[in-house]
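What follows is the content of final_39.cif, which has mmCIF, C-alpha atoms:
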```
data_coords
#
loop_
_atom_site.label_atom_id
_atom_site.label_comp_id
_atom_site.auth_asym_id
_atom_site.auth_seq_id
_atom_site.Cartn_x
_atom_site.Cartn_y
_atom_site.Cartn_z
CA MET A 1 110.52 63.91 93.58
CA THR A 2 109.00 61.25 95.77
CA PHE A 3 105.45 62.34 96.56
CA ASP A 4 103.64 60.98 99.60
CA CYS A 5 100.43 61.78 101.51
CA LYS A 6 101.92 64.57 103.64
CA ASP A 7 102.87 66.47 100.48
CA LEU A 8 99.26 66.73 99.36
CA GLU A 9 98.41 69.93 101.21
CA ARG A 10 101.46 71.66 99.78
CA ALA A 11 100.48 70.45 96.33
CA LEU A 12 97.01 71.97 96.72
CA ALA A 13 98.60 75.33 97.47
CA ILE A 14 101.16 75.12 94.64
CA PRO A 15 99.55 74.27 91.30
CA GLU A 16 102.92 73.14 89.84
CA LEU A 17 102.91 70.19 92.26
CA LEU A 18 99.44 68.99 91.24
CA PRO A 19 100.62 66.60 88.48
CA ASP A 20 102.75 64.76 91.07
CA ALA A 21 99.79 64.74 93.44
CA ARG A 22 97.57 63.21 90.75
CA GLU A 23 100.18 60.52 90.05
CA HIS A 24 100.30 59.71 93.75
CA ALA A 25 96.48 59.71 93.95
CA LYS A 26 96.36 56.82 91.45
CA VAL A 27 97.79 54.57 94.11
CA CYS A 28 96.41 56.28 97.29
CA ASP A 29 92.64 56.14 97.97
CA VAL A 30 92.75 58.78 100.74
CA CYS A 31 94.67 61.29 98.65
CA ARG A 32 92.53 60.49 95.61
CA ARG A 33 89.38 61.33 97.61
CA GLU A 34 90.98 64.51 98.97
CA LEU A 35 92.07 65.59 95.55
CA TRP A 36 88.66 64.84 94.08
CA LEU A 37 86.91 66.79 96.84
CA TRP A 38 89.27 69.75 96.34
CA GLY A 39 88.33 69.98 92.69
CA GLU A 40 84.71 69.16 93.27
CA MET A 41 84.27 72.08 95.69
CA SER A 42 85.21 74.47 92.91
CA ALA A 43 83.02 72.60 90.43
CA VAL A 44 79.97 72.60 92.68
CA ALA A 45 80.45 76.13 94.05
CA PRO A 46 78.79 78.03 91.15
CA SER A 47 75.61 76.02 91.72
CA LEU A 48 75.41 77.55 95.20
CA ARG A 49 74.61 80.85 93.61
CA GLU A 50 71.11 82.04 94.45
CA ASP A 51 69.08 83.35 91.59
CA TRP A 52 65.46 84.37 91.73
CA GLU A 53 63.17 86.70 89.87
CA THR A 54 62.46 90.11 91.35
CA PRO A 55 60.31 91.89 88.77
CA ASP A 56 59.27 94.58 91.24
CA LEU A 57 62.75 95.41 92.58
CA TRP A 58 63.87 97.77 89.79
CA PRO A 59 60.47 99.57 89.64
CA LYS A 60 60.75 100.15 93.40
CA ILE A 61 64.27 101.51 93.07
CA ARG A 62 63.30 103.63 90.04
CA GLN A 63 60.25 105.01 91.84
CA THR A 64 62.32 105.94 94.89
CA LEU A 65 65.01 107.58 92.75
CA ALA A 66 62.42 109.51 90.71
CA ALA A 67 60.81 110.77 93.93
CA GLN A 68 64.23 111.77 95.26
CA GLN A 69 65.04 113.59 91.99
CA LYS A 70 61.75 115.44 92.19
CA ALA A 71 62.37 116.40 95.81
CA ALA A 72 65.91 117.47 94.96
CA LYS A 73 64.64 119.68 92.11
CA ARG A 74 62.04 121.21 94.41
CA HIS A 75 64.68 121.74 97.06
CA SER A 76 67.03 123.23 94.48
CA PHE A 77 64.30 125.59 93.22
CA THR A 78 63.46 126.61 96.78
CA ARG A 79 67.11 127.21 97.50
CA ARG A 80 67.55 129.23 94.29
CA PHE A 81 64.46 131.26 95.19
CA GLU A 82 65.75 131.78 98.72
CA TRP A 83 69.11 132.83 97.35
CA ARG A 84 67.50 135.28 94.94
CA MET A 85 65.40 136.69 97.73
CA LEU A 86 68.41 136.94 100.04
CA ALA A 87 70.45 138.56 97.26
CA GLY A 88 67.65 141.10 96.69
CA ILE A 89 67.42 141.92 100.38
CA ALA A 90 71.20 142.24 100.59
CA ALA A 91 71.28 144.59 97.59
CA ALA A 92 68.48 146.74 99.01
CA LEU A 93 70.27 146.91 102.36
CA ALA A 94 73.53 147.86 100.69
CA ILE A 95 71.84 150.69 98.78
CA ALA A 96 70.06 151.95 101.91
CA VAL A 97 73.29 151.91 103.93
CA SER A 98 75.16 153.73 101.13
CA VAL A 99 72.50 156.44 100.90
CA PHE A 100 72.46 156.83 104.69
CA MET A 101 76.22 157.11 104.83
CA VAL A 102 76.40 159.66 102.04
CA LYS A 103 73.62 161.73 103.54
CA TYR A 104 74.37 161.59 107.23
CA SER A 105 77.92 160.58 107.74
CA ARG A 106 80.47 163.17 108.81
CA PRO A 107 82.96 164.03 106.11
CA ALA A 108 86.04 161.91 106.26
CA PRO A 109 89.02 163.58 107.91
CA ALA A 110 90.83 165.56 105.27
CA PRO A 111 94.44 164.94 104.48
CA ALA A 112 96.98 167.06 106.34
CA ALA A 113 97.56 169.42 103.39
CA GLN A 114 93.83 170.03 103.09
CA GLN A 115 93.62 170.67 106.85
CA ASP A 116 96.44 173.21 106.53
CA SER A 117 94.62 174.86 103.65
CA ASP A 118 91.42 175.10 105.72
CA PHE A 119 93.39 176.52 108.66
CA LEU A 120 94.92 179.15 106.40
CA THR A 121 91.51 180.02 105.03
CA GLU A 122 90.20 180.45 108.56
CA GLN A 123 93.24 182.43 109.47
CA THR A 124 93.01 184.58 106.33
CA LEU A 125 89.34 185.24 106.96
CA LYS A 126 90.16 186.29 110.49
CA GLU A 127 92.78 188.68 109.16
CA VAL A 128 90.40 190.00 106.51
CA GLU A 129 87.71 190.56 109.15
CA GLN A 130 90.19 192.32 111.43
CA THR A 131 91.45 194.44 108.55
CA GLU A 132 87.92 195.18 107.44
CA ALA A 133 86.94 196.20 111.00
CA ALA A 134 89.95 198.46 111.24
CA TYR A 135 89.35 199.80 107.76
CA ARG A 136 85.67 200.42 108.54
CA ALA A 137 86.62 202.13 111.81
CA SER A 138 89.06 204.46 110.03
CA ILE A 139 86.50 205.21 107.27
CA ASP A 140 83.84 205.87 109.93
CA LYS A 141 86.31 208.19 111.66
CA LEU A 142 86.93 209.97 108.38
CA SER A 143 83.20 209.99 107.71
CA ARG A 144 82.56 211.60 111.14
CA LEU A 145 85.04 214.37 110.20
CA VAL A 146 83.56 214.92 106.75
CA GLN A 147 79.87 214.31 107.39
CA PRO A 148 79.09 217.64 109.33
CA LYS A 149 80.68 219.80 106.65
CA LEU A 150 79.05 217.71 103.92
CA ASN A 151 75.62 217.98 105.50
CA ALA A 152 76.07 221.76 105.91
CA SER A 153 77.07 222.39 102.30
CA GLU A 154 74.45 222.86 99.63
CA ASN A 155 76.76 223.07 96.63
CA PRO A 156 76.17 220.52 93.84
CA VAL A 157 79.39 218.61 94.53
CA ALA A 158 78.43 218.16 98.17
CA ILE A 159 74.89 217.09 97.27
CA ALA A 160 76.25 214.57 94.73
CA ALA A 161 78.75 213.32 97.28
CA ARG A 162 76.07 212.85 99.92
CA GLU A 163 73.94 210.91 97.47
CA LYS A 164 76.97 208.79 96.46
CA LEU A 165 77.83 208.08 100.11
CA MET A 166 74.23 207.13 100.81
CA VAL A 167 74.29 204.67 97.88
CA LEU A 168 77.68 203.33 98.98
CA ASP A 169 76.50 202.90 102.59
CA SER A 170 73.40 201.13 101.44
CA GLU A 171 75.45 198.85 99.17
CA ILE A 172 77.97 198.23 101.96
CA VAL A 173 75.13 197.13 104.31
CA ASN A 174 73.81 194.77 101.64
CA VAL A 175 77.19 193.23 100.83
CA ARG A 176 78.09 192.90 104.52
CA SER A 177 74.88 191.03 105.24
CA THR A 178 75.66 188.71 102.31
CA VAL A 179 79.24 188.24 103.54
CA ALA A 180 77.92 187.36 107.00
CA ARG A 181 76.09 184.41 105.42
CA ASN A 182 79.10 183.37 103.35
CA LYS A 183 82.25 184.48 105.03
CA PHE A 184 84.57 182.38 102.88
CA ASN A 185 83.42 183.96 99.62
CA ALA A 186 86.47 185.88 98.53
CA GLN A 187 84.61 187.67 95.75
CA LEU A 188 82.14 189.21 98.22
CA GLN A 189 85.03 190.27 100.46
CA ALA A 190 86.70 191.90 97.43
CA ASP A 191 83.43 193.66 96.48
CA LEU A 192 83.12 194.92 100.04
CA ALA A 193 86.72 196.17 99.96
CA VAL A 194 86.01 197.98 96.66
CA LEU A 195 82.94 199.68 98.25
CA TYR A 196 85.00 200.72 101.28
CA ARG A 197 87.77 202.07 99.03
CA ASP A 198 85.16 203.90 96.99
CA LYS A 199 83.66 205.39 100.13
CA GLN A 200 87.13 206.27 101.39
CA ASP A 201 88.02 207.94 98.07
CA THR A 202 84.70 209.82 98.08
CA LEU A 203 85.28 211.08 101.61
CA LYS A 204 88.86 212.11 100.68
CA GLU A 205 87.57 213.97 97.64
CA ILE A 206 84.97 215.80 99.81
CA LEU A 207 87.66 216.61 102.35
CA GLN A 208 90.12 217.82 99.71
CA HIS A 209 87.31 219.83 98.04
CA ALA A 210 86.41 221.43 101.38
CA GLN A 211 90.06 222.25 102.16
CA SER A 212 90.63 223.73 98.68
CA SER A 213 87.44 225.85 98.93
CA GLN A 214 88.49 227.34 102.32
CA MET B 1 85.88 92.49 83.59
CA ALA B 2 84.27 89.38 84.92
CA ALA B 3 82.19 91.40 87.32
CA GLY B 4 79.79 92.68 84.70
CA ARG B 5 78.94 92.72 81.04
CA LEU B 6 80.14 96.31 80.79
CA THR B 7 83.51 97.70 79.86
CA ALA B 8 85.20 100.30 82.10
CA ARG B 9 84.48 102.92 79.42
CA SER B 10 80.77 102.20 79.27
CA ASP B 11 80.67 101.98 83.07
CA ALA B 12 82.03 105.52 83.15
CA ASP B 13 79.52 106.66 80.53
CA LEU B 14 76.65 105.06 82.39
CA ILE B 15 77.68 106.62 85.67
CA GLN B 16 78.06 110.03 84.02
CA ALA B 17 74.60 109.69 82.49
CA SER B 18 73.20 108.57 85.85
CA LYS B 19 74.72 111.63 87.49
CA ARG B 20 72.75 113.73 85.03
CA GLY B 21 69.57 112.01 86.18
CA ASP B 22 69.32 109.48 83.34
CA LEU B 23 67.52 106.61 85.06
CA SER B 24 67.62 104.41 81.96
CA ALA B 25 71.44 104.51 82.15
CA PHE B 26 71.24 103.57 85.79
CA GLU B 27 68.88 100.73 84.90
CA GLU B 28 71.63 99.30 82.69
CA ILE B 29 73.96 99.23 85.68
CA TYR B 30 71.20 97.53 87.66
CA ALA B 31 70.66 94.95 84.92
CA ALA B 32 74.38 94.16 84.79
CA HIS B 33 74.88 93.67 88.50
CA ALA B 34 71.60 93.07 90.32
CA GLY B 35 71.56 89.28 89.90
CA ARG B 36 74.99 88.77 91.38
CA MET B 37 74.28 91.34 94.07
CA LYS B 38 71.14 89.52 95.17
CA SER B 39 73.06 86.26 95.36
CA ILE B 40 75.82 87.78 97.51
CA ALA B 41 73.27 89.51 99.72
CA PHE B 42 71.35 86.26 100.15
CA HIS B 43 74.56 84.45 101.04
CA LEU B 44 75.23 87.03 103.76
CA LEU B 45 71.69 87.48 105.05
CA ALA B 46 70.15 84.04 104.35
CA ASN B 47 66.83 85.67 103.56
CA ARG B 48 65.49 86.79 100.19
CA ALA B 49 63.45 89.71 101.50
CA ASP B 50 66.44 91.05 103.45
CA ALA B 51 68.67 90.48 100.43
CA GLU B 52 66.33 92.46 98.19
CA ASP B 53 66.16 95.26 100.75
CA ALA B 54 69.95 95.36 100.94
CA VAL B 55 70.26 95.43 97.13
CA GLN B 56 67.67 98.21 96.91
CA GLU B 57 69.47 100.21 99.57
CA ALA B 58 72.78 99.62 97.81
CA PHE B 59 71.44 100.93 94.49
CA LEU B 60 70.02 104.02 96.16
CA LYS B 61 73.42 104.68 97.74
CA ILE B 62 75.22 103.98 94.48
CA TYR B 63 73.01 106.50 92.68
CA ARG B 64 73.51 109.14 95.35
CA ALA B 65 77.27 108.57 95.44
CA ALA B 66 77.71 108.32 91.67
CA GLY B 67 79.45 111.70 91.61
CA ALA B 68 82.16 110.50 93.97
CA ILE B 69 83.16 107.28 92.24
CA GLN B 70 86.83 106.82 91.34
CA PHE B 71 87.36 104.64 88.30
CA ASP B 72 90.86 103.56 89.34
CA SER B 73 89.67 100.06 90.18
CA GLY B 74 86.53 100.03 88.05
CA LEU B 75 82.87 100.33 88.85
CA ALA B 76 82.22 96.79 90.05
CA PRO B 77 84.43 96.73 93.16
CA TRP B 78 82.89 100.00 94.28
CA ILE B 79 79.35 98.73 93.74
CA TYR B 80 80.01 95.48 95.61
CA ARG B 81 81.71 97.27 98.48
CA ILE B 82 78.58 99.35 98.90
CA LEU B 83 76.47 96.18 98.75
CA LEU B 84 78.56 94.45 101.43
CA ASN B 85 78.20 97.46 103.71
CA CYS B 86 74.42 97.48 103.18
CA CYS B 87 74.30 93.76 103.96
CA TYR B 88 76.30 94.23 107.15
CA ASP B 89 73.97 97.09 108.17
CA THR B 90 70.89 94.98 107.45
CA GLY B 91 72.42 92.04 109.29
CA ARG B 92 73.16 94.20 112.34
CA LYS B 93 69.60 95.59 112.34
CA ARG B 94 68.10 92.16 112.02
CA LYS B 95 70.30 90.87 114.80
CA ARG B 96 69.17 93.69 117.08
CA GLN B 97 65.50 93.35 116.19
CA ALA B 98 65.04 89.60 116.35
CA GLU B 99 68.13 88.48 118.19
CA SER B 100 68.61 86.13 115.31
CA PRO B 101 70.93 83.22 116.04
CA LEU B 102 73.38 84.44 113.38
CA SER B 103 76.28 83.96 115.72
CA ALA B 104 75.05 80.63 117.00
CA GLU B 105 77.02 77.54 116.12
CA PRO B 106 75.75 76.14 112.80
CA PRO B 107 74.49 72.55 112.92
CA ALA B 108 76.86 69.76 112.05
CA ILE B 109 76.75 68.42 108.50
CA PRO B 110 74.91 65.11 108.15
CA ASN B 111 76.87 62.55 106.16
CA ASN B 112 74.14 61.75 103.71
CA VAL B 113 73.48 65.13 102.15
CA PRO B 114 74.47 66.01 98.59
CA LEU B 115 77.83 67.73 98.24
CA GLN B 116 76.22 71.05 97.27
CA LEU B 117 74.23 71.19 100.49
CA ALA B 118 77.17 69.91 102.50
CA ILE B 119 79.37 72.70 101.17
CA ARG B 120 76.69 75.25 101.95
CA ARG B 121 76.47 74.01 105.53
CA ALA B 122 80.25 73.77 105.86
CA LEU B 123 80.60 77.34 104.67
CA ASP B 124 78.64 78.49 107.70
CA ARG B 125 81.29 76.93 109.91
CA ILE B 126 84.41 78.53 108.51
CA HIS B 127 85.96 81.90 109.18
CA PRO B 128 83.80 84.70 107.67
CA GLN B 129 86.75 86.23 105.77
CA TYR B 130 87.63 82.87 104.19
CA ARG B 131 83.97 82.27 103.46
CA MET B 132 83.59 85.65 101.74
CA VAL B 133 86.60 85.08 99.50
CA PHE B 134 85.39 81.56 98.64
CA TRP B 135 81.97 82.90 97.78
CA LEU B 136 83.19 85.76 95.61
CA PHE B 137 85.82 83.68 93.79
CA GLU B 138 84.29 80.23 93.49
CA VAL B 139 80.56 80.97 93.54
CA GLU B 140 80.28 84.38 91.90
CA GLY B 141 83.24 84.02 89.59
CA PHE B 142 85.23 87.14 90.45
CA ARG B 143 88.95 87.09 89.77
CA HIS B 144 91.40 87.43 92.64
CA SER B 145 92.19 91.01 91.56
CA GLU B 146 88.48 91.85 91.79
CA VAL B 147 87.99 90.06 95.11
CA ALA B 148 90.98 91.98 96.42
CA ALA B 149 89.51 95.30 95.22
CA ILE B 150 86.06 94.56 96.68
CA LEU B 151 87.37 93.47 100.08
CA GLU B 152 90.21 96.02 99.99
CA ILE B 153 92.87 93.40 100.67
CA PRO B 154 96.05 92.51 98.77
CA GLU B 155 95.58 90.02 95.95
CA GLY B 156 97.96 87.61 97.68
CA THR B 157 95.73 87.67 100.75
CA SER B 158 92.75 86.83 98.59
CA LYS B 159 94.59 83.78 97.24
CA LYS B 160 95.70 82.75 100.71
CA TRP B 161 92.24 83.09 102.21
CA LEU B 162 90.74 81.07 99.37
CA PHE B 163 93.20 78.28 100.05
CA GLU B 164 92.41 78.42 103.77
CA ALA B 165 88.69 78.37 103.00
CA LYS B 166 88.98 75.30 100.84
CA ARG B 167 91.23 73.52 103.32
CA GLU B 168 88.74 74.20 106.10
CA LEU B 169 85.83 73.11 103.93
CA GLN B 170 87.69 69.99 102.91
CA ARG B 171 88.37 69.13 106.53
CA LEU B 172 84.74 69.64 107.50
CA LEU B 173 83.43 67.71 104.51
CA THR B 174 85.89 64.87 105.07
CA GLU B 175 84.92 64.66 108.74
CA SER B 176 81.24 64.56 107.88
CA ARG B 177 81.74 61.84 105.30
CA ALA B 178 84.12 59.73 107.30
#
```

What is this structure when it is put down as structure tokens?
Amino acid sequence: MTFDCKDLERALAIPELLPDAREHAKVCDVCRRELWLWGEMSAVAPSLREDWETPDLWPKIRQTLAAQQKAAKRHSFTRRFEWRMLAGIAAALAIAVSVFMVKYSRPAPAPAAQQDSDFLTEQTLKEVEQTEAAYRASIDKLSRLVQPKLNASENPVAIAAREKLMVLDSEIVNVRSTVARNKFNAQLQADLAVLYRDKQDTLKEILQHAQSSQ
Amino acid sequence: MAAGRLTARSDADLIQASKRGDLSAFEEIYAAHAGRMKSIAFHLLANRADAEDAVQEAFLKIYRAAGAIQFDSGLAPWIYRILLNCCYDTGRKRKRQAESPLSAEPPAIPNNVPLQLAIRRALDRIHPQYRMVFWLFEVEGFRHSEVAAILEIPEGTSKKWLFEAKRELQRLLTESRA
């Protein structure tokens, strides 16, 4: 390759061409100076580096970082404390709301089957009350038939019957007043029915005794 | 890595320790890089006090951001990127405060000054991107791969800009010495 001055720039960009450039520079003052300057810039460049002592720079940085760490720890503690406090308040609120809801909230709507069951209970109670009223009315009717003859008789059977009816009436009043406070208690209703049947049987016995003695 | 006396492994260890609040580990990072950082900052800000402020600010940012560092390209490029940003911030503040003639045309290079001073003056007259690559590669001794990582440019661009920087400098120096 024939190297001349205009090839120098290309040679500076392509290191493989530098040997040719150096050969050319031996006979060309301008290119020799250019080539020298090109290399000299790189040689001199590191001496441009600025270096000076700064003994207080790291202590300043360290002091600032230590202060920031301290502040961060304080901030972190404060935040942890705030979180604990907030968590405590939240827990207390949750407990209070739960207690309030359990105590004062209306019962949740029951499932359909349960509603049907309640309806039947209401219905059954109504029927029981109607039956009981009718039963009591018929017993009272029977009692009105028997009571004059019973009161007029002084035989021991009649006296015992009167006393039994008085006890039964008293017990019936007691049980009825209890049933009035707890209408859905089936056991009380059954007890009441037993008392009525007992009274009915007693009245029948008195009536049969009176008819047989006539 | 030419950027520091530390290996990538120890860089990672030091950063991990720094994240845990170990300031002696962070001091090792400072010791490895502070000198070169001051030089770069001085080159950009032309003032030692401003350079020290920028380096201090850079180290505070590096410490705060230690948790976010990605070691894909090593610690050094990340550190020097932060430094350059701090220098640009400081330069902008100084420009606003004092209306410094940073953008003014630098004086011409007298023909009787030593080459070192002539290069320094010529550097002020070339394109800032070329100047930065020249400074990092020729003055601070970074490799092209490191310059590319610091400036976030392709390595080929770093090589091209260095060539352009030297060609411009050569032209200016030749003119001044003609």

As a check of understanding: the span from atom CA of B:Ser10 to atom CA of B:Glu146 is 18.0 Å

As an mmCIF file with C-alpha atoms, keeping the file's coordinate frame, could you give me every residue of chain B near chain A (at most 8 Å apart, counting all atoms listed in the file)?
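Result file result_12.cif:
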```
data_model
loop_
_atom_site.group_PDB
_atom_site.id
_atom_site.type_symbol
_atom_site.label_atom_id
_atom_site.label_comp_id
_atom_site.auth_asym_id
_atom_site.auth_seq_id
_atom_site.Cartn_x
_atom_site.Cartn_y
_atom_site.Cartn_z
ATOM 1 C CA GLY B 21 69.570 112.010 86.180
ATOM 2 C CA LEU B 23 67.520 106.610 85.060
ATOM 3 C CA GLU B 27 68.880 100.730 84.900
ATOM 4 C CA TYR B 30 71.200 97.530 87.660
ATOM 5 C CA GLY B 35 71.560 89.280 89.900
ATOM 6 C CA LYS B 38 71.140 89.520 95.170
ATOM 7 C CA SER B 39 73.060 86.260 95.360
ATOM 8 C CA PHE B 42 71.350 86.260 100.150
ATOM 9 C CA HIS B 43 74.560 84.450 101.040
ATOM 10 C CA GLU B 52 66.330 92.460 98.190
ATOM 11 C CA GLN B 56 67.670 98.210 96.910
ATOM 12 C CA PHE B 59 71.440 100.930 94.490
ATOM 13 C CA LEU B 60 70.020 104.020 96.160
ATOM 14 C CA LEU B 115 77.830 67.730 98.240
ATOM 15 C CA GLN B 116 76.220 71.050 97.270
ATOM 16 C CA ILE B 119 79.370 72.700 101.170
ATOM 17 C CA ARG B 120 76.690 75.250 101.950
ATOM 18 C CA TRP B 135 81.970 82.900 97.780
ATOM 19 C CA GLU B 138 84.290 80.230 93.490
ATOM 20 C CA VAL B 139 80.560 80.970 93.540
ATOM 21 C CA GLU B 140 80.280 84.380 91.900
ATOM 22 C CA GLY B 141 83.240 84.020 89.590
ATOM 23 C CA PHE B 163 93.200 78.280 100.050
ATOM 24 C CA LYS B 166 88.980 75.300 100.840
ATOM 25 C CA GLN B 170 87.690 69.990 102.910
ATOM 26 C CA THR B 174 85.890 64.870 105.070
#
```

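With distances taken over only C-alpha atoms, A:Leu8 is the one residue among A:Pro156, A:Leu8, A:Ile89, A:Trp36 lying closest to A:His24.
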
Rounded to one decimal, what separation in Å do you get between atom CA of B:Arg92 and atom CA of B:Leu172? 27.6 Å

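Between B:Met37 and the residues B:Ile62, B:Ile15, B:Val55, B:Ala149, the shortest atom-to-atom distance, using only C-alpha atoms, involves B:Val55.
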
Between atom CA of A:Arg32 and atom CA of A:Arg10, what is the distance in Å, rounded to a tenth?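 Answer for the atom CA of A:Arg32 to atom CA of A:Arg10 separation: 14.9 Å.
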
Measuring atom to atom with only C-alpha atoms, identify which of B:Cys86, B:Leu162, B:Ile79, B:Ala122 is nearest to B:Leu45. B:Cys86

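When the distance limit is 10 Å and all atoms listed in the file are what count, the residues near B:Glu164, minus those fewer than 6 positions from it on the same chain, are A:Ala13, B:Ile126, B:His127, B:Gln129, B:Tyr130, B:Arg131, B:Val133, B:Phe134, B:Ser158, B:Gln170.
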
Contact residues around stretch 174-182 of chain A with all atoms listed in the file at 7 Å, ignoring same-chain residues under 6 positions, as a PyMOL selection string: chain A and resi 188-189+192

With the file shown as input, list the residues that the PyMOL selection byres ((chain B and resi 29) around 12) selects, as an MDAnalysis selection string. (chainID A and resid 58) or (chainID B and resid 3:8 10:18 22:28 30:37 59 62:63 66 75:76 79)

I'd like the residues picked by the PyMOL selection byres ((chain B and resi 150) around 9) written out as a ChimeraX atom specification, using the chain letters and numbers from the file. /B:76-81,84,145-149,151-153

Using all atoms listed in the file, pick whichever of B:Leu117, B:Arg167, B:Ile40, B:Tyr88 has the shortest atom-to-atom distance to B:Phe137.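 Of B:Leu117, B:Arg167, B:Ile40, B:Tyr88, the one nearest B:Phe137, counting all atoms listed in the file, is B:Ile40.
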
Spell out the residues picked by the PyMOL selection byres ((chain A and resi 21) around 10) here, as a PyMOL selection string. chain A and resi 3-5+7-12+15-20+22-26+28+31-32+35

Tell me, as a list in words, which residues lie within 12 Å of A:Asn155, counting only C-alpha atoms; anything in the same chain fewer than 5 positions away does not count. Lys149, Leu150, Ala160, Ala161, Arg162, Ile206, His209, Ala210 and Ser213 of chain A
